[in-house]
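Peer 1: Got a structure for you, written out below as structure tokens; questions coming shortly.
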Amino acid sequence: MERVEIAHTDHYERVMKALTGGGLLLAANDATGRPNAMTIGWGAIGSIWSMPVWIVLVRPSRYTYQCIEHGDCFTVNVPASGMDQALAICGSRSGRDGDKLADSNLTAAPAVEVPAPTFKECPLVYECVVVHRNDVQPAALIPEIANGPYANGDYHRLYYGRILATRAAANAADLL
């Protein structure tokens with residue numbers, strides 16, 4: 001799918017609806033250069049340090065954590081409607097254990113600004129380089145969060161990715 005450069009704020013409402021609905025695909029390469037994807041349902045687009053930023057959360061137990069730590073970059077891929085199967089596979093299997101991209105019928109393609117992969121099937125992608133990372137501090141969490149998503153520990157690392165490029169298919173609005 002051919003994409004053109006757009007503003008990172010274009011399609012914001014559709015992106016947030018997808019994030020909190022079925023999810024988005026976070027992608028990075030592993031240490032051998034093999035692409036990996038993980039479905040995410042938490043994240044934020046914003047302006048921090050006067051730059052456009054995606055903040056994504058990844059637990060250290062996830063294979064994607066190792067991939068981002070290795071490459072210091074990632075892409076956020078917004079799936080077209082109807083990609084529920086790919087989102088389910090990428091959200092329930094680890095790239096450590098097999099080729100979930102093949103199982104998901106996802107086609108990796110190079111990004112333009114970062115060495116992380118994008119997916120041809122996704123009409124909208126953000127290319128990000130890590131500019132900061134920090135870990136969730138358990139003592140700073142309110143009880144509702146500490147006892148909910150973190151009841152078993154495994155606290156997330158937050159990656160702040162400067163958005164270097166946002167690219168969308170010409171008909172992205174129709175596909176999202």
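Residue numbers start at 1 in each chain; chains themselves are named A, B, ... in the order of the structure tokens; ligands are numbered from 1 in the order shown.
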If you count only C-alpha atoms, which residues fall within 8 Å of segment 112-117 of chain A, apart from same-chain ones fewer than 4 positions away, as a ChimeraX atom specification?
Peer 2: /A:27-29,35,71,73-75,108,127-129,164-165
Peer 1: Among the residues of chain A, find those DSSP assigns to strand (DSSP E or B) from the backbone and print them as a PyMOL selection string.
Peer 2: chain A and resi 4-5+24-29+35-40+43-48+51-58+73-78+108-110+117-119+124-135+157-168
Peer 1: Can you write just those residues out, C-alpha atoms, as a tab-separated table (two decimals), in the first residue's frame?
Peer 2:
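File out33.tsv, as written:
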chain	number	residue	atom	x	y	z
A	4	VAL	CA	2.18	9.74	1.58
A	5	GLU	CA	3.46	12.02	4.35
A	24	LEU	CA	-2.74	-0.98	17.08
A	25	LEU	CA	0.38	-2.84	15.98
A	26	LEU	CA	3.65	-1.83	17.60
A	27	ALA	CA	6.61	-3.06	15.56
A	28	ALA	CA	10.38	-3.32	15.90
A	29	ASN	CA	13.12	-5.61	14.66
A	35	PRO	CA	10.45	-7.98	12.28
A	36	ASN	CA	8.19	-8.39	15.30
A	37	ALA	CA	4.75	-6.97	16.09
A	38	MET	CA	2.72	-6.66	19.24
A	39	THR	CA	-0.87	-5.49	19.63
A	40	ILE	CA	-1.16	-2.48	21.94
A	43	GLY	CA	-0.50	4.63	24.33
A	44	ALA	CA	-0.68	8.34	23.63
A	45	ILE	CA	0.19	10.84	20.94
A	46	GLY	CA	1.26	14.24	22.18
A	47	SER	CA	3.75	17.05	22.21
A	48	ILE	CA	6.62	16.71	24.65
A	51	MET	CA	8.30	17.56	19.48
A	52	PRO	CA	5.57	15.16	18.36
A	53	VAL	CA	5.77	11.98	20.42
A	54	TRP	CA	4.14	8.57	20.67
A	55	ILE	CA	4.30	7.08	24.15
A	56	VAL	CA	3.96	3.29	24.14
A	57	LEU	CA	4.04	0.91	27.10
A	58	VAL	CA	5.80	-2.46	26.92
A	73	CYS	CA	13.08	2.77	17.40
A	74	PHE	CA	9.61	1.47	16.62
A	75	THR	CA	6.63	1.99	14.37
A	76	VAL	CA	2.99	2.27	15.32
A	77	ASN	CA	0.81	0.75	12.61
A	78	VAL	CA	-2.90	1.51	12.46
A	108	ALA	CA	6.64	-6.37	6.68
A	109	ALA	CA	7.93	-3.41	4.69
A	110	PRO	CA	10.74	-1.00	5.50
A	117	PRO	CA	9.29	-2.40	10.02
A	118	THR	CA	5.88	-1.22	8.91
A	119	PHE	CA	3.09	-3.44	7.58
A	124	LEU	CA	-1.45	4.57	8.53
A	125	VAL	CA	1.97	4.31	10.16
A	126	TYR	CA	4.05	6.39	12.54
A	127	GLU	CA	7.86	6.06	12.47
A	128	CYS	CA	9.46	6.80	15.82
A	129	VAL	CA	12.92	6.99	17.37
A	130	VAL	CA	13.21	6.50	21.14
A	131	VAL	CA	14.19	9.77	22.83
A	132	HIS	CA	13.44	8.73	26.41
A	133	ARG	CA	12.36	5.73	28.41
A	134	ASN	CA	11.30	5.28	31.99
A	135	ASP	CA	9.78	2.55	34.08
A	157	ARG	CA	8.51	0.56	30.50
A	158	LEU	CA	7.29	3.71	28.77
A	159	TYR	CA	9.00	4.52	25.50
A	160	TYR	CA	8.80	8.07	24.27
A	161	GLY	CA	9.22	7.92	20.51
A	162	ARG	CA	9.79	11.10	18.56
A	163	ILE	CA	7.56	10.87	15.52
A	164	LEU	CA	9.89	11.36	12.57
A	165	ALA	CA	7.28	10.58	9.94
A	166	THR	CA	3.59	9.85	9.66
A	167	ARG	CA	2.49	8.20	6.44
A	168	ALA	CA	-0.97	7.27	5.23
Peer 1: As an exercise, work out the distance from atom CA of Ala18 of chain A to atom CA of Tyr155 of chain A in Å and give it to one decimal place.
Peer 2: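 These two atoms are separated by 23.7 Å.
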Peer 1: Please determine, counting only C-alpha atoms, which residue among A:Asp154, A:Glu13, A:Glu121, A:Glu144 has the shortest atom-to-atom distance to Gly82 of chain A.
Peer 2: A:Glu121
Peer 1: Taking only segment 10-174 of chain A into account, list the residues labelled alpha helix (DSSP H) by DSSP (computed from the backbone), as a PyMOL selection string.
Peer 2: chain A and resi 12-20+63-71+84-92+100-104+143-146+172-174
Peer 1: Those residues you just picked out, can you put them in a file as a compact mmCIF listing (two decimals), in the first residue's frame with N, CA and C atoms?
Peer 2:
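To be explicit, this is the file written out as again11.txt:
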# COMPACT_ATOMS: atom_id res chain seq x y z
N TYR A 12 -6.48 11.70 14.04
CA TYR A 12 -6.30 11.47 15.47
C TYR A 12 -7.47 10.72 16.10
N GLU A 13 -8.68 11.15 15.82
CA GLU A 13 -9.85 10.50 16.44
C GLU A 13 -9.95 9.04 16.01
N ARG A 14 -9.69 8.76 14.76
CA ARG A 14 -9.75 7.37 14.27
C ARG A 14 -8.66 6.52 14.93
N VAL A 15 -7.48 7.10 15.09
CA VAL A 15 -6.37 6.37 15.72
C VAL A 15 -6.71 6.04 17.17
N MET A 16 -7.24 7.00 17.92
CA MET A 16 -7.59 6.76 19.32
C MET A 16 -8.73 5.75 19.43
N LYS A 17 -9.66 5.79 18.51
CA LYS A 17 -10.75 4.81 18.52
C LYS A 17 -10.19 3.41 18.27
N ALA A 18 -9.26 3.29 17.34
CA ALA A 18 -8.64 1.98 17.07
C ALA A 18 -7.81 1.51 18.26
N LEU A 19 -7.04 2.43 18.88
CA LEU A 19 -6.20 2.08 20.02
C LEU A 19 -7.04 1.51 21.16
N THR A 20 -8.14 2.15 21.47
CA THR A 20 -8.97 1.71 22.58
C THR A 20 -10.00 0.67 22.18
N TYR A 63 8.62 -9.92 24.25
CA TYR A 63 9.70 -9.98 23.26
C TYR A 63 9.92 -8.61 22.61
N THR A 64 8.85 -7.87 22.42
CA THR A 64 8.93 -6.54 21.82
C THR A 64 9.82 -5.61 22.64
N TYR A 65 9.83 -5.80 23.96
CA TYR A 65 10.69 -5.01 24.84
C TYR A 65 12.15 -5.17 24.40
N GLN A 66 12.58 -6.41 24.22
CA GLN A 66 13.96 -6.67 23.77
C GLN A 66 14.23 -6.03 22.42
N CYS A 67 13.24 -6.09 21.54
CA CYS A 67 13.40 -5.53 20.19
C CYS A 67 13.60 -4.02 20.24
N ILE A 68 12.78 -3.34 21.01
CA ILE A 68 12.92 -1.88 21.10
C ILE A 68 14.20 -1.50 21.82
N GLU A 69 14.54 -2.23 22.87
CA GLU A 69 15.80 -1.96 23.58
C GLU A 69 16.99 -2.10 22.63
N HIS A 70 16.93 -3.07 21.76
CA HIS A 70 18.02 -3.30 20.81
C HIS A 70 18.10 -2.20 19.75
N GLY A 71 16.96 -1.83 19.19
CA GLY A 71 16.96 -0.94 18.04
C GLY A 71 16.71 0.53 18.30
N ASP A 84 -8.97 -7.89 12.47
CA ASP A 84 -9.13 -8.40 13.83
C ASP A 84 -8.31 -9.66 14.09
N GLN A 85 -8.22 -10.54 13.11
CA GLN A 85 -7.46 -11.79 13.26
C GLN A 85 -5.98 -11.50 13.49
N ALA A 86 -5.42 -10.58 12.70
CA ALA A 86 -4.01 -10.22 12.87
C ALA A 86 -3.77 -9.61 14.25
N LEU A 87 -4.68 -8.74 14.69
CA LEU A 87 -4.55 -8.13 16.01
C LEU A 87 -4.63 -9.18 17.11
N ALA A 88 -5.52 -10.15 16.95
CA ALA A 88 -5.66 -11.21 17.96
C ALA A 88 -4.40 -12.06 18.04
N ILE A 89 -3.84 -12.42 16.90
CA ILE A 89 -2.62 -13.24 16.89
C ILE A 89 -1.45 -12.46 17.49
N CYS A 90 -1.26 -11.22 17.05
CA CYS A 90 -0.12 -10.43 17.54
C CYS A 90 -0.28 -10.03 19.00
N GLY A 91 -1.50 -10.11 19.52
CA GLY A 91 -1.73 -9.79 20.92
C GLY A 91 -1.72 -10.98 21.84
N SER A 92 -1.64 -12.18 21.28
CA SER A 92 -1.72 -13.37 22.13
C SER A 92 -0.54 -14.33 21.96
N LYS A 100 4.78 -15.07 13.97
CA LYS A 100 3.39 -14.64 14.07
C LYS A 100 2.99 -13.70 12.94
N LEU A 101 3.96 -13.08 12.27
CA LEU A 101 3.62 -12.25 11.12
C LEU A 101 3.06 -13.10 10.00
N ALA A 102 3.69 -14.23 9.74
CA ALA A 102 3.18 -15.14 8.71
C ALA A 102 1.80 -15.66 9.12
N ASP A 103 1.65 -16.03 10.38
CA ASP A 103 0.36 -16.52 10.87
C ASP A 103 -0.73 -15.46 10.79
N SER A 104 -0.32 -14.19 10.83
CA SER A 104 -1.26 -13.07 10.80
C SER A 104 -1.51 -12.54 9.39
N PRO A 143 -3.90 2.96 44.15
CA PRO A 143 -4.27 1.56 44.39
C PRO A 143 -5.08 0.92 43.27
N GLU A 144 -5.97 1.67 42.67
CA GLU A 144 -6.81 1.13 41.58
C GLU A 144 -5.95 0.58 40.44
N ILE A 145 -4.87 1.27 40.12
CA ILE A 145 -3.99 0.81 39.04
C ILE A 145 -3.03 -0.25 39.57
N ALA A 146 -2.46 -0.03 40.73
CA ALA A 146 -1.51 -0.99 41.30
C ALA A 146 -2.15 -2.36 41.49
N ALA A 172 -6.87 6.38 3.41
CA ALA A 172 -6.78 5.89 4.80
C ALA A 172 -8.09 6.10 5.55
N ALA A 173 -8.73 7.23 5.37
CA ALA A 173 -9.96 7.51 6.11
C ALA A 173 -11.03 6.48 5.81
N ASP A 174 -11.05 5.95 4.61
CA ASP A 174 -12.03 4.93 4.23
C ASP A 174 -11.67 3.56 4.79
Peer 1: Between A:Met83, A:Ile142, A:Leu106, A:Val136, single out the one closest to Leu176 of chain A, counting only C-alpha atoms.
Peer 2: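 Checking each of A:Met83, A:Ile142, A:Leu106, A:Val136 against Leu176 of chain A, counting only C-alpha atoms, the winner is A:Met83.
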Peer 1: What separation in Å, quoted to one decimal, exists between atom CA of Gly33 of chain A and atom CA of Pro79 of chain A?
Peer 2: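 Computed distance, atom CA of Gly33 of chain A to atom CA of Pro79 of chain A, equals 22.5 Å.
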Peer 1: Return the single residue from A:Arg62, A:Ala7, A:Ala111, A:Ala169 that is closest to Asp97 of chain A, with distances computed using only C-alpha atoms.
Peer 2: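 Answer, going by the shortest atom-to-atom distance: A:Arg62.
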Peer 1: Out of A:Asn105, A:Asn171, A:Thr32, A:Ser61, which residue has the shortest atom-to-atom distance to Glu2 of chain A when counting only C-alpha atoms?
Peer 2: A:Asn171
Peer 1: Out of A:Pro60, A:Thr107, A:Ala80, A:His11, which residue has the shortest atom-to-atom distance to Gly23 of chain A when counting only C-alpha atoms?
Peer 2: A:Ala80
